[in-house]
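K.L.:
To start, I am sharing the structure in question, which I have written as structure tokens.
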Protein chains: 2
Amino acid sequence: MLFGSIEAGGTKFVCSVGNEQFEVKNSISFPTTTPKKTLQQAIDYFKQYDVAAIGVGSFGPIDVFQGSKTYGYVMATPKPYWSNMDMIGFLKAQLDVPMYFTTDVNASAYGETLAQDIQNLVYFTIGTGIGAGAIQQGQFIGGISHAEMGHQFVKRHPQDLDFKGICPFHGDCLEGLAAGPSLEARTGKRGENIASDSEIWNIQAYYIAQAAISATLTLAPEKIIFGGGVMSHDHMIARVRKFFKVLLNDYIPTPPLEDYLQLTSIANNGSATLGNFALALEALRSV
Amino acid sequence: MLFGSIEAGGTKFVCSVGNEQFEVKNSISFPTTTPKKTLQQAIDYFKQYDVAAIGVGSFGPIDVFQGSKTYGYVMATPKPYWSNMDMIGFLKAQLDVPMYFTTDVNASAYGETLAQDIQNLVYFTIGTGIGAGAIQQGQFIGGISHAEMGHQFVKRHPQDLDFKGICPFHGDCLEGLAAGPSLEARTGKRGENIASDSEIWNIQAYYIAQAAISATLTLAPEKIIFGGGVMSHDHMIARVRKFFKVLLNDYIPTPPLEDYLQLTSIANNGSATLGNFALALEALRSV
């Protein structure tokens, strides 16, 4: 039996086929353009394979609430052409298999719970934007929607009081202060061109640590996993651990921070693919 | 069949007996003194009744993780004498009935889900401290512990940048900026003596609204309920709704705020009692 994975990102789509051990057997990637063109490419790819079910992890916001009139839709998004797009409806019209629809970060979170063999986990991606997926007792968090933890507010770093932040909705929310583009907005340079001893990294880490503290105080997961471009700088995870310790100030016990705060365990965003395969199986089982 | 409720607060204990409809048939209250004296009063009270099970909602931090060596304990707390107290062990030694052990705010949250007939809810108490309980799909949130949302960090109000906050662990975390004692620390007056048109209330509401936004972005509940002394000032809920709208800036849809952000629906902390009765029944069923 084969399973499909669609990582529907705002920049590119990655479609993969995996076996029952969730090993990737084939994969393609193409840019995200207009909805119909992009989704048709995904459909044409999967028509070559006899997949039993597909897991779809999408950029958001999306409607994941079963029973809603707009279930399976991409909702209001700044990305041109994609607002109010019935993604799952379009896919299902040509691919008649069960599909599991969730956010890209939820798919990554789910993959990490499998890779790490734990039941309670939060996954943050700190990249162009900041998103998070959370799993508790093996189930996604999100009562009537899905987590959008990137837009919570944070305490300002003492050396960063004047920066207005770049979030078009909130200015200086977490995403406005710590997503990748904030680096360029502050310094005029992209992250890869900023020296690793620049104080800017401590400012970023100070905010990212607060996101991890908020997740800890709210959800008490077993681990918090970080992915995304900002965290791919190899000095960042140690900074985040440092500020997490300083700011939480041992208020509640956590596992040792080297275990508790980690980078993704699977290269090339593989946790999302793994998560999508496993969620495809879930969709198949629930038919 | 009768059920017991213990609301184990830091200031007082309230013990109640209810029937199968979870109606309170009898109730007493006494001050929280030393652990053995206080818990013995609870035991002596319940020995008069043939309760089938007891729900215990306690001040924290507590260990609610079944299987832990310290399950049923009050953990490290600033409250004298109560650190590392085996509350459930002490009660069970003389009351041989099933007990459900959770936080006081979780008990209130559970009671509110019953009163409001919903499955996804967050309950905040804004009083001497700030605590929160969260329920999703009818289950408590909290992977390996329980929620401690009172100590997350917030964006400072522009007119409140110099106040250091009163949290002994974090200074200006949410509790340090918006719990009841912060009013006195800023103004020298207790809340009941501060004019209702004082700007201080907007500052408090600005922070409390951020807690509600964080809960919304993380958990997407159906409602957020507020209790506690700070929120008992009748102008406060409208202020919290106002800042919630301004700060979230319609980033994600929520129910109308008059429904979504509400005060407790049962007077005199009755949601905790109701929750404890229902959790007592849960404990009985899981034996």
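Note on naming: chains are A, B, ... as they come in the structure tokens, residues start from 1 per chain, ligands start from 1 in the order shown.
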Write out as CSV the residues of chain B that have any atom within 6 Å of an atom of chain A, one row each with the nearest atom pair and its distance in Å to one decimal, counting only C-alpha atoms, sorted by chain and then rising number.

P.N.:
residue,atom,partner,partner_atom,distance
B:Asn120,CA,A:Gly143,CA,5.6
B:Gln136,CA,A:Gly143,CA,5.8
B:Gly142,CA,A:Leu219,CA,4.8
B:Gly143,CA,A:Ala220,CA,4.9
B:Ile144,CA,A:Ala220,CA,5.5
B:Ser145,CA,A:Ala220,CA,5.5
B:Ala147,CA,A:Thr218,CA,4.8
B:Glu148,CA,A:Leu217,CA,4.7
B:Met149,CA,A:Leu217,CA,5.2
B:Gln152,CA,A:Ser214,CA,5.4
B:Phe153,CA,A:Lys155,CA,5.6
B:Val154,CA,A:Val154,CA,4.8
B:Lys155,CA,A:Lys155,CA,4.9
B:Ser214,CA,A:Gln152,CA,5.4
B:Leu217,CA,A:Glu148,CA,4.7
B:Thr218,CA,A:Ala147,CA,4.7
B:Leu219,CA,A:Gly142,CA,4.8
B:Ala220,CA,A:Gly143,CA,4.9
B:Pro221,CA,A:Gly143,CA,5.0

K.L.:
Extract, using only C-alpha atoms, all DNA, RNA and protein residues at most 12 Å from A:Glu199, discarding same-chain residues fewer than 2 positions from it, and format them as a list in words.

P.N.:
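What passes the distance filter is His157, Pro158, Gln159, Asp160, Leu183, Arg186, Thr187, Ile194, Ala195, Ser196, Asp197, Trp201, Asn202, Ile203, Gln204, Ala205, Tyr206, Met236 and Arg239 of chain A.
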
K.L.:
Return the single residue from A:Val97, A:Val51, A:Leu114, A:Val240 that is closest to A:Ala278, with distances computed using only C-alpha atoms.

P.N.:
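Smallest separation from A:Ala278 among the options: A:Leu114.
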
K.L.:
Name all residues at most 8 Å from B:Glu175 (count only C-alpha atoms; drop same-chain ones fewer than 4 positions away) and give them as a list in words.

P.N.:
Gly129, Ile130, Gly150, His151, Ile166, Cys167 and Ala179 of chain B

K.L.:
Kindly export the residues of the current selection with C-alpha atoms, as a tab-separated table (two decimals), in the first residue's frame.

P.N.:
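To be explicit, this is the file written out as result-v3.tsv:
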chain	number	residue	atom	x	y	z
B	129	GLY	CA	-2.61	35.46	41.36
B	130	ILE	CA	-3.49	34.56	37.79
B	150	GLY	CA	-0.50	33.24	34.51
B	151	HIS	CA	3.25	33.52	34.07
B	166	ILE	CA	5.36	42.08	41.34
B	167	CYS	CA	5.96	38.47	40.37
B	179	ALA	CA	-2.96	40.26	39.29

K.L.:
Using DSSP secondary structure from the backbone, list all helix (DSSP H, G or I) positions within stretch 179-282 of chain B, as number ranges by chain.

P.N.:
B: 180-187, 191-193, 200-219, 230-232, 236-248, 257-260, 270-282

K.L.:
Residues within 10 Å of A:Thr103, please, as a list in words. Count only C-alpha atoms; anything in the same chain fewer than 4 positions from it doesn't count.

P.N.:
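Result of the neighbour search: Glu7, Ala8, Gly9, Val56, Gly57, Ser58, Phe59, Gly60, Pro61, Ile62, Asp63, Val64, Ala107, Ser108, Ala109, Gly131, Ala132, Gly133, His146, Ala147 and Ala272 of chain A.
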
K.L.:
Show which residues sit within 12 Å of B:Ile28, as a VMD selection string. Count only C-alpha atoms, and ignore same-chain residues fewer than 4 positions away.

P.N.:
chain B and resid 4 to 7 12 to 17 24 41 to 42 44 to 46 273

K.L.:
Let's see if you can do this: from backbone DSSP, list all strand (DSSP E) residues in stretch 128-217 of chain A, as a list of chain:residue names.

P.N.:
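Put together, the selection reads A:Ile130, A:Gly131, A:Ala132, A:Gly133, A:Ala134, A:Ile135, A:Gln136, A:Gln139, A:Phe140.
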
K.L.:
Once you have the residues from the selection above, write them out as a PDB file, in the first residue's frame, restricted to C-alpha atoms.

P.N.:
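To be explicit, this is the file written out as selection-v7.pdb:
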ATOM      1  CA  ILE A 130       6.208  31.909  12.574  1.00  0.00           C
ATOM      2  CA  GLY A 131       3.817  29.027  12.937  1.00  0.00           C
ATOM      3  CA  ALA A 132       3.283  26.284  15.448  1.00  0.00           C
ATOM      4  CA  GLY A 133       1.620  22.922  15.648  1.00  0.00           C
ATOM      5  CA  ALA A 134       0.811  21.237  18.923  1.00  0.00           C
ATOM      6  CA  ILE A 135      -0.068  17.685  19.802  1.00  0.00           C
ATOM      7  CA  GLN A 136      -1.339  16.471  23.121  1.00  0.00           C
ATOM      8  CA  GLN A 139      -4.220  14.632  19.174  1.00  0.00           C
ATOM      9  CA  PHE A 140      -3.862  18.033  17.541  1.00  0.00           C
TER      10      PHE A 140
END
